[in-house]
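Enquirer: Next comes structure29.tsv, TSV, C-alpha atoms:
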```tsv
chain	number	residue	atom	x	y	z
D	1	MET	CA	108.62	85.18	110.62
D	2	ARG	CA	109.73	87.83	108.09
D	3	GLY	CA	110.83	87.22	104.54
D	4	ARG	CA	107.86	85.28	103.23
D	5	THR	CA	107.85	85.03	99.47
D	6	THR	CA	104.18	84.60	98.68
D	7	THR	CA	101.21	86.83	99.07
D	8	GLN	CA	99.21	83.87	100.41
D	9	ALA	CA	101.34	83.54	103.56
D	10	ARG	CA	99.74	86.37	105.54
D	11	PRO	CA	97.39	88.10	103.05
D	12	SER	CA	94.88	89.28	105.64
D	13	ALA	CA	97.44	90.58	108.15
D	14	ASP	CA	99.59	92.27	105.52
D	15	LEU	CA	96.62	93.98	103.91
D	16	SER	CA	95.37	95.08	107.33
D	17	TRP	CA	98.70	96.67	108.22
D	18	TYR	CA	98.98	98.24	104.76
D	19	TRP	CA	95.43	99.55	104.95
D	20	GLY	CA	95.96	100.91	108.46
D	21	SER	CA	99.20	102.60	107.46
D	22	GLN	CA	97.61	104.17	104.41
D	23	THR	CA	94.73	105.37	106.55
D	24	ALA	CA	97.12	107.06	108.99
D	25	SER	CA	98.93	108.62	106.05
D	26	PHE	CA	95.65	109.90	104.61
D	27	VAL	CA	94.74	111.42	107.98
D	28	GLY	CA	98.11	113.15	108.15
D	29	ASP	CA	97.56	114.50	104.65
D	30	ARG	CA	94.16	115.95	105.57
D	31	LEU	CA	95.29	117.39	108.91
D	32	THR	CA	98.35	119.14	107.53
D	33	GLY	CA	96.59	119.94	104.25
D	34	PHE	CA	93.97	121.92	106.16
D	35	ALA	CA	96.23	123.32	108.89
D	36	VAL	CA	98.91	124.81	106.64
D	37	PRO	CA	96.68	127.00	104.41
D	38	SER	CA	94.55	127.92	107.42
D	39	ILE	CA	97.63	129.15	109.24
D	40	ALA	CA	98.70	131.03	106.11
D	41	ILE	CA	95.32	132.76	105.77
D	42	LEU	CA	94.33	133.34	109.40
D	43	THR	CA	97.73	133.80	111.07
D	44	LEU	CA	100.06	135.06	108.35
D	45	ASN	CA	97.38	136.97	106.37
D	46	ALA	CA	98.51	135.45	103.06
D	47	SER	CA	97.15	136.88	99.82
D	48	SER	CA	95.10	134.90	97.29
D	49	ALA	CA	98.17	134.55	95.08
D	50	GLU	CA	100.31	133.30	97.99
D	51	VAL	CA	97.67	130.74	98.90
D	52	GLY	CA	97.65	129.60	95.27
D	53	VAL	CA	101.43	129.23	95.30
D	54	LEU	CA	101.26	127.31	98.58
D	55	SER	CA	98.68	124.95	97.13
D	56	ALA	CA	100.73	124.48	93.96
D	57	LEU	CA	104.07	123.77	95.62
D	58	GLY	CA	103.01	120.46	97.13
D	59	TRP	CA	101.98	119.23	93.70
D	60	PHE	CA	105.02	120.50	91.81
D	61	ALA	CA	106.89	117.53	93.26
D	62	TYR	CA	105.15	115.16	90.85
D	63	PRO	CA	106.22	116.82	87.59
D	64	ALA	CA	109.70	117.31	89.08
D	65	PHE	CA	110.24	113.89	90.68
D	66	GLY	CA	107.41	111.57	89.66
D	67	LEU	CA	109.15	109.96	86.69
D	68	VAL	CA	112.40	109.77	88.64
D	69	ALA	CA	110.64	107.93	91.47
D	70	GLY	CA	109.01	105.51	89.08
D	71	ALA	CA	112.28	104.67	87.36
D	72	ALA	CA	114.27	104.40	90.59
D	73	LEU	CA	111.89	102.32	92.70
D	74	PRO	CA	112.39	98.99	90.87
D	75	HIS	CA	115.93	99.05	92.34
D	76	LEU	CA	114.88	100.24	95.81
D	77	PRO	CA	113.13	98.42	98.70
D	78	ARG	CA	109.68	99.95	98.38
D	79	ARG	CA	108.58	99.25	101.93
D	80	ARG	CA	111.61	101.09	103.28
D	81	VAL	CA	111.00	103.95	100.87
D	82	MET	CA	107.47	104.31	102.26
D	83	ILE	CA	108.73	104.29	105.84
D	84	GLY	CA	111.44	106.87	105.12
D	85	GLY	CA	109.06	109.11	103.21
D	86	GLU	CA	106.58	109.22	106.07
D	87	LEU	CA	109.34	110.13	108.54
D	88	VAL	CA	110.52	112.94	106.28
D	89	ARG	CA	107.01	114.34	106.04
D	90	CYS	CA	106.57	114.32	109.80
D	91	ALA	CA	109.92	116.04	110.33
D	92	ALA	CA	109.23	118.69	107.68
D	93	PHE	CA	105.95	119.81	109.22
D	94	ALA	CA	107.45	119.71	112.71
D	95	THR	CA	109.94	122.42	111.72
D	96	VAL	CA	107.15	125.01	111.57
D	97	PRO	CA	106.17	124.72	115.27
D	98	ALA	CA	109.87	124.62	116.14
D	99	ALA	CA	110.49	127.86	114.23
D	100	ALA	CA	107.44	129.45	115.87
D	101	VAL	CA	108.87	128.66	119.32
D	102	LEU	CA	112.25	130.10	118.35
D	103	GLY	CA	110.92	133.32	116.90
D	104	GLY	CA	108.16	132.83	114.40
D	105	ALA	CA	107.52	131.14	111.05
D	106	GLY	CA	106.77	133.01	107.86
D	107	ILE	CA	105.04	132.19	104.60
D	108	GLU	CA	108.42	131.44	103.03
D	109	GLN	CA	109.02	128.59	105.48
D	110	LEU	CA	105.60	127.16	104.70
D	111	PHE	CA	106.55	127.19	101.01
D	112	VAL	CA	109.71	125.16	101.73
D	113	VAL	CA	107.99	122.72	104.10
D	114	VAL	CA	105.16	121.99	101.67
D	115	ALA	CA	107.62	121.48	98.82
D	116	VAL	CA	109.79	119.03	100.82
D	117	ALA	CA	106.77	117.12	102.10
D	118	GLY	CA	105.46	116.96	98.54
D	119	VAL	CA	108.63	115.25	97.30
D	120	ALA	CA	108.39	112.68	100.09
D	121	MET	CA	104.71	112.15	99.23
D	122	VAL	CA	105.64	111.28	95.63
D	123	PHE	CA	107.93	108.44	96.71
D	124	VAL	CA	105.44	107.18	99.32
D	125	ASP	CA	102.60	107.23	96.79
D	126	VAL	CA	104.44	105.52	93.94
D	127	ALA	CA	105.99	102.93	96.25
D	128	GLY	CA	102.64	102.22	97.90
D	129	GLN	CA	100.68	101.77	94.69
D	130	THR	CA	103.29	99.45	93.20
D	131	TYR	CA	103.67	97.46	96.45
D	132	LEU	CA	99.96	96.66	96.75
D	133	PRO	CA	99.95	94.00	93.98
D	134	ALA	CA	102.54	92.10	96.06
D	135	ILE	CA	100.06	91.94	98.96
D	136	VAL	CA	96.79	90.98	97.26
D	137	ALA	CA	95.82	88.75	94.35
D	138	PRO	CA	95.05	90.42	90.99
D	139	GLY	CA	91.36	89.56	91.20
D	140	THR	CA	90.99	91.43	94.49
D	141	LEU	CA	92.70	94.67	93.48
D	142	VAL	CA	89.44	96.57	92.91
D	143	GLY	CA	88.19	95.56	96.35
D	144	ALA	CA	91.51	96.51	97.99
D	145	ASN	CA	91.60	99.85	96.22
D	146	ALA	CA	87.99	100.46	97.25
D	147	LYS	CA	89.00	99.93	100.89
D	148	LEU	CA	91.86	102.40	100.50
D	149	GLN	CA	89.58	104.91	98.82
D	150	SER	CA	87.09	104.52	101.67
D	151	SER	CA	89.84	105.43	104.11
D	152	ASP	CA	90.87	108.35	101.94
D	153	SER	CA	87.30	109.60	101.85
D	154	ALA	CA	86.89	109.07	105.60
D	155	SER	CA	90.06	111.07	106.23
D	156	LYS	CA	88.59	113.93	104.23
D	157	LEU	CA	85.58	113.80	106.53
D	158	VAL	CA	87.49	113.57	109.81
D	159	GLY	CA	90.74	115.35	108.98
D	160	PRO	CA	89.63	118.95	108.30
D	161	ALA	CA	87.22	118.99	111.24
D	162	LEU	CA	89.88	117.60	113.58
D	163	ALA	CA	92.50	120.02	112.24
D	164	GLY	CA	90.13	122.94	112.73
D	165	LEU	CA	89.48	121.81	116.28
D	166	LEU	CA	93.20	121.46	117.00
D	167	LEU	CA	93.97	124.92	115.65
D	168	ARG	CA	91.08	126.44	117.57
D	169	THR	CA	91.88	124.79	120.92
D	170	THR	CA	95.69	124.47	120.89
D	171	GLY	CA	96.78	127.24	118.55
D	172	SER	CA	98.66	127.03	115.27
D	173	THR	CA	101.99	125.88	116.76
D	174	ILE	CA	100.82	122.83	118.72
D	175	GLY	CA	97.99	122.18	116.27
D	176	LEU	CA	100.36	121.69	113.32
D	177	PHE	CA	102.72	119.53	115.40
D	178	LEU	CA	99.87	117.21	116.37
D	179	SER	CA	98.67	117.16	112.76
D	180	ALA	CA	101.99	115.67	111.63
D	181	LEU	CA	102.00	112.77	114.11
D	182	PRO	CA	99.90	110.36	111.97
D	183	PHE	CA	102.86	110.10	109.60
D	184	LEU	CA	104.78	108.44	112.43
D	185	ALA	CA	101.96	105.92	112.91
D	186	SER	CA	101.99	105.24	109.17
D	187	ALA	CA	105.73	104.60	109.22
D	188	TYR	CA	105.38	102.13	112.09
D	189	GLY	CA	102.51	100.24	110.45
D	190	ARG	CA	104.54	99.67	107.31
D	191	THR	CA	107.29	98.02	109.35
D	192	ARG	CA	104.79	95.25	110.21
D	193	ILE	CA	104.17	94.17	106.60
D	194	THR	CA	105.93	90.92	105.69
D	195	ALA	CA	105.04	90.41	102.01
D	196	VAL	CA	108.13	90.34	99.82
D	197	GLU	CA	107.96	92.39	96.65
D	198	PRO	CA	109.23	90.88	93.38
D	199	PRO	CA	113.03	91.13	93.14
D	200	ALA	CA	114.53	93.67	90.80
D	201	ASP	CA	115.46	92.40	87.37
D	202	PRO	CA	119.24	92.82	87.06
D	203	ALA	CA	118.82	93.12	83.30
D	204	GLN	CA	116.51	96.11	83.51
D	205	ALA	CA	116.98	98.92	81.03
D	206	PRO	CA	118.95	102.05	81.98
D	207	PHE	CA	117.27	104.69	84.12
D	208	VAL	CA	116.31	107.09	81.31
D	209	GLN	CA	115.15	104.22	79.13
D	210	ARG	CA	112.73	103.06	81.87
D	211	ILE	CA	111.22	106.53	81.95
D	212	ARG	CA	110.78	106.46	78.20
D	213	THR	CA	109.27	102.98	78.41
D	214	GLY	CA	106.68	104.14	80.94
D	215	LEU	CA	105.73	107.13	78.81
D	216	ALA	CA	105.54	104.96	75.69
D	217	PHE	CA	103.34	102.35	77.40
D	218	VAL	CA	100.82	104.95	78.58
D	219	GLN	CA	100.87	106.70	75.21
D	220	SER	CA	100.33	103.50	73.22
D	221	HIS	CA	97.70	101.90	75.46
D	222	PRO	CA	94.23	102.92	74.18
D	223	VAL	CA	92.61	102.88	77.62
D	224	LEU	CA	95.38	104.40	79.73
D	225	ARG	CA	96.03	107.21	77.24
D	226	ARG	CA	92.44	108.45	77.40
D	227	GLN	CA	92.10	107.97	81.14
D	228	VAL	CA	95.33	109.84	81.90
D	229	SER	CA	94.32	112.72	79.61
D	230	ALA	CA	90.94	112.98	81.31
D	231	ALA	CA	92.51	112.78	84.76
D	232	ALA	CA	94.90	115.61	83.87
D	233	VAL	CA	91.97	117.86	82.99
D	234	ARG	CA	90.15	116.82	86.17
D	235	SER	CA	93.23	117.63	88.25
D	236	PHE	CA	93.49	121.10	86.74
D	237	GLY	CA	89.91	121.90	87.72
D	238	SER	CA	90.36	120.43	91.20
D	239	GLY	CA	93.49	122.51	91.67
D	240	MET	CA	91.50	125.68	90.95
D	241	VAL	CA	88.82	124.74	93.48
D	242	ASP	CA	91.24	123.74	96.23
D	243	ALA	CA	93.25	126.95	95.88
D	244	VAL	CA	90.35	129.28	96.72
D	245	LEU	CA	87.87	127.20	98.71
D	246	LEU	CA	89.23	128.13	102.14
D	247	LEU	CA	89.62	131.75	101.06
D	248	PHE	CA	85.93	131.74	100.21
D	249	ALA	CA	85.03	130.08	103.53
D	250	TYR	CA	87.12	132.43	105.67
D	251	ARG	CA	86.94	135.78	103.90
D	252	VAL	CA	83.50	135.66	102.28
D	253	LEU	CA	81.55	133.47	104.70
D	254	GLY	CA	83.52	134.70	107.72
D	255	LEU	CA	83.98	131.22	109.20
D	256	SER	CA	86.46	130.33	111.96
D	257	SER	CA	89.06	127.58	111.51
D	258	LEU	CA	86.79	125.15	113.37
D	259	ALA	CA	83.72	126.05	111.31
D	260	GLY	CA	85.79	125.93	108.13
D	261	GLY	CA	87.03	122.47	109.02
D	262	LEU	CA	83.51	121.27	109.69
D	263	LEU	CA	82.36	122.75	106.39
D	264	ILE	CA	85.09	121.02	104.39
D	265	ALA	CA	84.57	117.78	106.30
D	266	ALA	CA	80.83	117.78	105.67
D	267	GLY	CA	81.49	117.76	101.96
D	268	SER	CA	83.35	114.47	102.32
D	269	VAL	CA	80.19	112.57	103.21
D	270	GLY	CA	79.58	112.14	99.50
D	271	GLY	CA	83.12	110.82	99.14
D	272	LEU	CA	82.44	108.06	101.64
D	273	LEU	CA	79.33	107.03	99.76
D	274	GLY	CA	81.19	107.09	96.44
D	275	ALA	CA	84.02	104.93	97.79
D	276	PHE	CA	81.48	102.47	99.21
D	277	LEU	CA	79.64	102.16	95.90
D	278	ALA	CA	82.63	102.22	93.51
D	279	ASN	CA	83.21	98.46	93.41
D	280	ARG	CA	79.50	97.73	93.00
D	281	LEU	CA	79.03	100.33	90.27
D	282	ALA	CA	82.05	99.08	88.33
D	283	GLY	CA	80.73	95.52	88.49
D	284	LYS	CA	77.26	96.43	87.25
D	285	LEU	CA	77.98	99.19	84.71
D	286	GLY	CA	81.52	98.51	83.52
D	287	THR	CA	84.45	100.89	83.77
D	288	ARG	CA	83.61	103.10	80.81
D	289	ARG	CA	80.05	103.91	81.84
D	290	VAL	CA	81.05	104.44	85.48
D	291	LEU	CA	83.70	106.96	84.45
D	292	LEU	CA	81.20	108.77	82.24
D	293	LEU	CA	78.77	108.88	85.15
D	294	THR	CA	81.29	110.87	87.20
D	295	SER	CA	80.68	113.88	84.92
D	296	VAL	CA	77.65	114.58	87.14
D	297	GLU	CA	80.16	116.42	89.33
D	298	ALA	CA	80.20	119.29	86.83
D	299	LEU	CA	76.44	119.85	87.18
D	300	CYS	CA	76.82	120.14	90.95
D	301	TRP	CA	79.41	122.91	90.72
D	302	LEU	CA	77.22	124.88	88.33
D	303	ALA	CA	75.07	125.60	91.39
D	304	ILE	CA	77.86	127.45	93.25
D	305	PRO	CA	76.49	130.93	92.34
D	306	LEU	CA	73.50	130.10	94.57
D	307	CYS	CA	75.84	130.75	97.50
D	308	LEU	CA	75.45	134.47	96.74
D	309	VAL	CA	71.65	134.50	96.96
D	310	THR	CA	70.79	131.77	99.48
D	311	GLN	CA	72.22	130.52	102.78
D	312	PRO	CA	75.84	130.31	101.58
D	313	ALA	CA	77.24	127.84	104.11
D	314	ILE	CA	74.35	125.38	103.71
D	315	THR	CA	74.44	125.66	99.93
D	316	LEU	CA	78.18	125.07	99.80
D	317	VAL	CA	77.86	121.99	102.02
D	318	LEU	CA	75.17	120.53	99.75
D	319	ILE	CA	77.26	121.18	96.64
D	320	ARG	CA	80.32	119.53	98.15
D	321	VAL	CA	78.33	116.51	99.35
D	322	LEU	CA	76.76	115.98	95.92
D	323	ALA	CA	79.97	116.62	93.97
D	324	GLY	CA	82.34	114.83	96.34
D	325	GLY	CA	81.02	111.34	95.69
D	326	TRP	CA	82.36	111.07	92.17
D	327	LEU	CA	86.11	111.53	92.64
D	328	PRO	CA	86.48	108.35	94.77
D	329	VAL	CA	84.62	106.37	92.10
D	330	TRP	CA	86.98	107.76	89.48
D	331	ASN	CA	90.07	106.98	91.54
D	332	VAL	CA	89.08	103.41	92.39
D	333	VAL	CA	88.23	102.50	88.80
D	334	THR	CA	91.19	104.16	87.07
D	335	THR	CA	93.76	102.90	89.58
D	336	SER	CA	92.45	99.34	89.34
D	337	VAL	CA	92.44	99.45	85.54
D	338	ARG	CA	96.03	100.71	85.51
D	339	GLN	CA	97.19	97.96	87.88
D	340	GLN	CA	95.38	95.27	85.88
D	341	VAL	CA	96.66	96.18	82.41
D	342	THR	CA	100.26	96.97	83.38
D	343	PRO	CA	102.87	94.18	83.43
D	344	SER	CA	104.51	93.56	86.81
D	345	ALA	CA	107.92	94.80	85.66
D	346	LEU	CA	106.43	98.15	84.59
D	347	GLN	CA	104.13	98.77	87.58
D	348	SER	CA	106.20	101.47	89.31
D	349	THR	CA	107.23	103.19	86.08
D	350	VAL	CA	103.74	103.27	84.59
D	351	HIS	CA	102.08	104.33	87.85
D	352	ALA	CA	104.62	107.13	88.29
D	353	THR	CA	104.12	108.20	84.68
D	354	ALA	CA	100.34	108.32	85.05
D	355	ARG	CA	100.51	110.12	88.39
D	356	THR	CA	103.09	112.58	87.06
D	357	LEU	CA	101.05	113.46	83.99
D	358	THR	CA	97.81	113.84	85.94
D	359	SER	CA	99.28	115.60	88.97
D	360	SER	CA	101.32	118.03	86.89
D	361	THR	CA	98.17	119.97	86.09
D	362	VAL	CA	97.20	120.44	89.76
D	363	PRO	CA	99.76	123.22	90.42
D	364	LEU	CA	98.79	124.87	87.16
D	365	GLY	CA	95.17	124.84	88.29
D	366	ALA	CA	96.12	126.08	91.76
D	367	LEU	CA	98.15	128.96	90.37
D	368	THR	CA	95.38	129.80	87.91
D	369	GLY	CA	92.75	129.70	90.65
D	370	GLY	CA	94.83	131.72	93.10
D	371	PHE	CA	95.79	134.50	90.70
D	372	ALA	CA	92.38	134.54	89.00
D	373	GLY	CA	90.73	134.76	92.42
D	374	GLY	CA	92.87	137.76	93.29
D	375	VAL	CA	92.19	139.56	90.01
D	376	LEU	CA	88.46	138.84	89.92
D	377	SER	CA	88.05	139.71	93.59
D	378	SER	CA	89.66	143.11	93.04
D	379	GLN	CA	87.38	143.78	90.07
D	380	LEU	CA	84.09	142.19	91.14
D	381	GLY	CA	84.44	141.78	94.89
D	382	ALA	CA	85.65	138.74	96.81
D	383	ALA	CA	82.26	137.00	96.83
D	384	THR	CA	81.61	137.13	93.08
D	385	GLY	CA	85.24	136.64	92.10
D	386	LEU	CA	85.82	133.54	94.19
D	387	VAL	CA	82.46	132.01	93.23
D	388	LEU	CA	83.39	132.36	89.55
D	389	VAL	CA	86.68	130.56	90.14
D	390	LEU	CA	84.99	127.78	92.11
D	391	ALA	CA	82.32	127.28	89.47
D	392	THR	CA	84.80	127.22	86.60
D	393	GLY	CA	87.17	124.83	88.33
D	394	GLY	CA	84.38	122.50	89.39
D	395	VAL	CA	82.88	122.32	85.91
D	396	ILE	CA	86.29	121.62	84.37
D	397	ALA	CA	86.93	118.83	86.88
D	398	GLY	CA	83.57	117.14	86.33
D	399	SER	CA	83.32	117.50	82.58
D	400	SER	CA	86.73	115.87	82.12
D	401	ALA	CA	84.96	112.52	82.32
D	402	LEU	CA	83.54	113.17	78.87
D	403	LEU	CA	87.03	112.58	77.49
D	404	VAL	CA	86.66	108.87	78.17
D	405	ALA	CA	83.65	108.63	75.87
D	406	THR	CA	85.77	106.96	73.17
D	407	THR	CA	87.40	104.49	75.56
D	408	PRO	CA	86.67	100.83	74.74
D	409	ARG	CA	83.65	99.63	76.65
D	410	GLU	CA	85.59	97.14	78.73
D	411	VAL	CA	89.25	96.73	79.62
```
Give the structure from the file, written as structure tokens.
Expert:
Amino acid sequence: MRGRTTTQARPSADLSWYWGSQTASFVGDRLTGFAVPSIAILTLNASSAEVGVLSALGWFAYPAFGLVAGAALPHLPRRRVMIGGELVRCAAFATVPAAAVLGGAGIEQLFVVVAVAGVAMVFVDVAGQTYLPAIVAPGTLVGANAKLQSSDSASKLVGPALAGLLLRTTGSTIGLFLSALPFLASAYGRTRITAVEPPADPAQAPFVQRIRTGLAFVQSHPVLRRQVSAAAVRSFGSGMVDAVLLLFAYRVLGLSSLAGGLLIAAGSVGGLLGAFLANRLAGKLGTRRVLLLTSVEALCWLAIPLCLVTQPAITLVLIRVLAGGWLPVWNVVTTSVRQQVTPSALQSTVHATARTLTSSTVPLGALTGGFAGGVLSSQLGAATGLVLVLATGGVIAGSSALLVATTPREV
């Protein structure tokens, strides 16, 4: 029976459906996230700058709509928002194969599709993160977030390899269409959740005031302020890496879409391990020391120049495996802390504020990486130029953890 008002009524079933839906959504993200830039590079012969713009556009949605989503969602049915957002994402990506059948898709259409899907992703993400506390008890949030992070990490392992296989065996048109189908599965799974979210407070502050309240809460909270600042720096570095990694794989290493997918997927093995250990590490070391430990990622990326003097594909796989384990740990700990210290009435606003501030630096990093890759490649050659961008972005991402050094030892 629907309409239950407690999270104890069907906690296991609701969490299972939520977890399964998020997993399908993650898989859709990884499939389309690999297929779109691969099509741009291999089929449309996009430049480094165009690939950087493509990477940035999906993330521009957060600075543009993140705070709006956070302020609006307390008055909207969050489960329905998640369902609608997933359907929009599926439809947006499906327009590219449709255009290809009717006469061909260009890089401009990819720009529009990625931007639209990015806006939908913002609402799905904010609604999902603020809906989770209605499904599980506060004391189990870290464990629930660890499960979600495990699925996210697993999707990074499976998604790129599967996307590369689809593009290789079915072509770009059918491959991208199939890559968008998991969003449909995610939408269906969310219809099966029965937990009722807290009702909206009719006395809530005006829209703009809620945005200001979220910003003020993050700014005034000693833990959240430092964590959000560090995450913004980490996102900038990650944006640089993501913008040029496939360019390096395809144009320097000469890999096919299938081999490129396998290469990217192999690097996610570390992510699975990190997600598996995040809850245990947080329990033994405490949040502050765990976050500081994630700075090891920077040391891994310092080894990227070895790709120019050793077996490049093997070296890159090892670097990604060793570096990839720390981001899931970071995500599990910081998300759980944010959910624990934020009052229920401010969950959506504060989460949207944090995600907006941290995600706003991703497009800046992507644009920086894309344009820097183009300039350095023209001056130093593609191999040296792209390695420099990868090393710089990786070090920035990893060393951001040092910004939490002054965070109180425990929340």
Enquirer: Can you find the residues with an atom no farther than 9 Å from (97.0, 105.8, 114.8), counting all atoms listed in the file, and report them as a PyMOL selection string?
Expert: chain D and resi 20-21+23-24+181-186+189
Enquirer: Save out the residues we just selected, C-alpha atoms, as a PDB file, keeping the file's coordinate frame.
Expert:
```pdb
ATOM      1  CA  GLY D  20      95.960 100.910 108.460  1.00  0.00           C
ATOM      2  CA  SER D  21      99.200 102.600 107.460  1.00  0.00           C
ATOM      3  CA  THR D  23      94.730 105.370 106.550  1.00  0.00           C
ATOM      4  CA  ALA D  24      97.120 107.060 108.990  1.00  0.00           C
ATOM      5  CA  LEU D 181     102.000 112.770 114.110  1.00  0.00           C
ATOM      6  CA  PRO D 182      99.900 110.360 111.970  1.00  0.00           C
ATOM      7  CA  PHE D 183     102.860 110.100 109.600  1.00  0.00           C
ATOM      8  CA  LEU D 184     104.780 108.440 112.430  1.00  0.00           C
ATOM      9  CA  ALA D 185     101.960 105.920 112.910  1.00  0.00           C
ATOM     10  CA  SER D 186     101.990 105.240 109.170  1.00  0.00           C
ATOM     11  CA  GLY D 189     102.510 100.240 110.450  1.00  0.00           C
TER      12      GLY D 189
END
```
Enquirer: Calculate how many Å separate atom CA of D:Val375 from atom CA of D:Leu327, rounding to one decimal.
Expert: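 Between these atoms lies a distance of 28.8 Å.
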Enquirer: Tell me which protein, DNA and RNA residues are within 10 Å of D:Tyr18, counting only C-alpha atoms, leaving out same-chain ones fewer than 2 positions away, and put them as a list in words.
Expert: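 That gives Ser12, Ala13, Asp14, Leu15, Ser16, Gly20, Ser21, Gln22, Thr23, Ala24, Gly128, Tyr131, Leu132, Ile135, Leu148, Ser186, Gly189, Arg190, Thr191, Arg192 and Ile193 of chain D.
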Enquirer: One decimal, Å: what's the distance from atom CA of D:Ala144 over to atom CA of D:Asn279, could you say?
Expert: 9.7 Å
Enquirer: Determine, counting only C-alpha atoms, which protein, DNA and RNA residues have an atom within 12 Å of an atom of stretch 87-91 of chain D; residues of the same chain fewer than 5 positions away are not included. Present the result as a PyMOL selection string.
Expert: chain D and resi 24-25+28-29+31-33+58+80-82+96-98+112-124+176-188+190
Enquirer: Would you save the residues of that selection, restricted to C-alpha atoms, as a PDB file, keeping the file's coordinate frame?
Expert:
```pdb
ATOM      1  CA  ALA D  24      97.120 107.060 108.990  1.00  0.00           C
ATOM      2  CA  SER D  25      98.930 108.620 106.050  1.00  0.00           C
ATOM      3  CA  GLY D  28      98.110 113.150 108.150  1.00  0.00           C
ATOM      4  CA  ASP D  29      97.560 114.500 104.650  1.00  0.00           C
ATOM      5  CA  LEU D  31      95.290 117.390 108.910  1.00  0.00           C
ATOM      6  CA  THR D  32      98.350 119.140 107.530  1.00  0.00           C
ATOM      7  CA  GLY D  33      96.590 119.940 104.250  1.00  0.00           C
ATOM      8  CA  GLY D  58     103.010 120.460  97.130  1.00  0.00           C
ATOM      9  CA  ARG D  80     111.610 101.090 103.280  1.00  0.00           C
ATOM     10  CA  VAL D  81     111.000 103.950 100.870  1.00  0.00           C
ATOM     11  CA  MET D  82     107.470 104.310 102.260  1.00  0.00           C
ATOM     12  CA  VAL D  96     107.150 125.010 111.570  1.00  0.00           C
ATOM     13  CA  PRO D  97     106.170 124.720 115.270  1.00  0.00           C
ATOM     14  CA  ALA D  98     109.870 124.620 116.140  1.00  0.00           C
ATOM     15  CA  VAL D 112     109.710 125.160 101.730  1.00  0.00           C
ATOM     16  CA  VAL D 113     107.990 122.720 104.100  1.00  0.00           C
ATOM     17  CA  VAL D 114     105.160 121.990 101.670  1.00  0.00           C
ATOM     18  CA  ALA D 115     107.620 121.480  98.820  1.00  0.00           C
ATOM     19  CA  VAL D 116     109.790 119.030 100.820  1.00  0.00           C
ATOM     20  CA  ALA D 117     106.770 117.120 102.100  1.00  0.00           C
ATOM     21  CA  GLY D 118     105.460 116.960  98.540  1.00  0.00           C
ATOM     22  CA  VAL D 119     108.630 115.250  97.300  1.00  0.00           C
ATOM     23  CA  ALA D 120     108.390 112.680 100.090  1.00  0.00           C
ATOM     24  CA  MET D 121     104.710 112.150  99.230  1.00  0.00           C
ATOM     25  CA  VAL D 122     105.640 111.280  95.630  1.00  0.00           C
ATOM     26  CA  PHE D 123     107.930 108.440  96.710  1.00  0.00           C
ATOM     27  CA  VAL D 124     105.440 107.180  99.320  1.00  0.00           C
ATOM     28  CA  LEU D 176     100.360 121.690 113.320  1.00  0.00           C
ATOM     29  CA  PHE D 177     102.720 119.530 115.400  1.00  0.00           C
ATOM     30  CA  LEU D 178      99.870 117.210 116.370  1.00  0.00           C
ATOM     31  CA  SER D 179      98.670 117.160 112.760  1.00  0.00           C
ATOM     32  CA  ALA D 180     101.990 115.670 111.630  1.00  0.00           C
ATOM     33  CA  LEU D 181     102.000 112.770 114.110  1.00  0.00           C
ATOM     34  CA  PRO D 182      99.900 110.360 111.970  1.00  0.00           C
ATOM     35  CA  PHE D 183     102.860 110.100 109.600  1.00  0.00           C
ATOM     36  CA  LEU D 184     104.780 108.440 112.430  1.00  0.00           C
ATOM     37  CA  ALA D 185     101.960 105.920 112.910  1.00  0.00           C
ATOM     38  CA  SER D 186     101.990 105.240 109.170  1.00  0.00           C
ATOM     39  CA  ALA D 187     105.730 104.600 109.220  1.00  0.00           C
ATOM     40  CA  TYR D 188     105.380 102.130 112.090  1.00  0.00           C
ATOM     41  CA  ARG D 190     104.540  99.670 107.310  1.00  0.00           C
TER      42      ARG D 190
END
```
Enquirer: What is the distance between atom CA of D:Gly374 and atom CA of D:Ala249, in Å to one decimal?
Expert: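 Atom-to-atom, atom CA of D:Gly374 and atom CA of D:Ala249 are spaced 15.0 Å apart.
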Enquirer: Residues around (99.3, 128.0, 117.4), cut-off 12 Å, counting all atoms listed in the file - what are they as an NGL selection string?
Expert: :D and (35-36 or 38-40 or 42-44 or 96-101 or 104-105 or 163-179 or 257)
Enquirer: So which one's closest to D:Ala127, D:Ser155, D:Thr349, D:Ser377, D:Gln227? Using all atoms listed in the file, please.
Expert: D:Thr349
Enquirer: For D:Ala282, please output as a list in words all residues within 8 Å (counting only C-alpha atoms; exclusion window: fewer than 5 positions along the same chain).
Expert: Thr287, Val290 and Val333 of chain D
Enquirer: Can I get the selection written as a JSON list (two decimals), keeping the file's coordinate frame, with C-alpha atoms?
Expert:
```json
[["chain", "number", "residue", "atom", "x", "y", "z"],
["D", 287, "THR", "CA", 84.45, 100.89, 83.77],
["D", 290, "VAL", "CA", 81.05, 104.44, 85.48],
["D", 333, "VAL", "CA", 88.23, 102.50, 88.80]]
```
Enquirer: Using only C-alpha atoms, can you tell me which of D:Lys156, D:His221, D:Arg289, D:Arg226 comes closest to D:Leu262?
Expert: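 Of the candidates, the smallest distance to D:Leu262 is held by D:Lys156.
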Enquirer: Calculated over all atoms listed in the file, which of the candidates D:Ala354, D:Ala92, D:Leu402, D:Leu322 has the smallest distance to D:Gln219?
Expert: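 Looking at the shortest contact to D:Gln219, the residue is D:Ala354.
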Enquirer: In terms of the shortest atom-to-atom distance over all atoms listed in the file, which of D:Leu364, D:Leu263, D:Ala298, D:Val350 is closest to D:Thr315?
Expert: D:Leu263
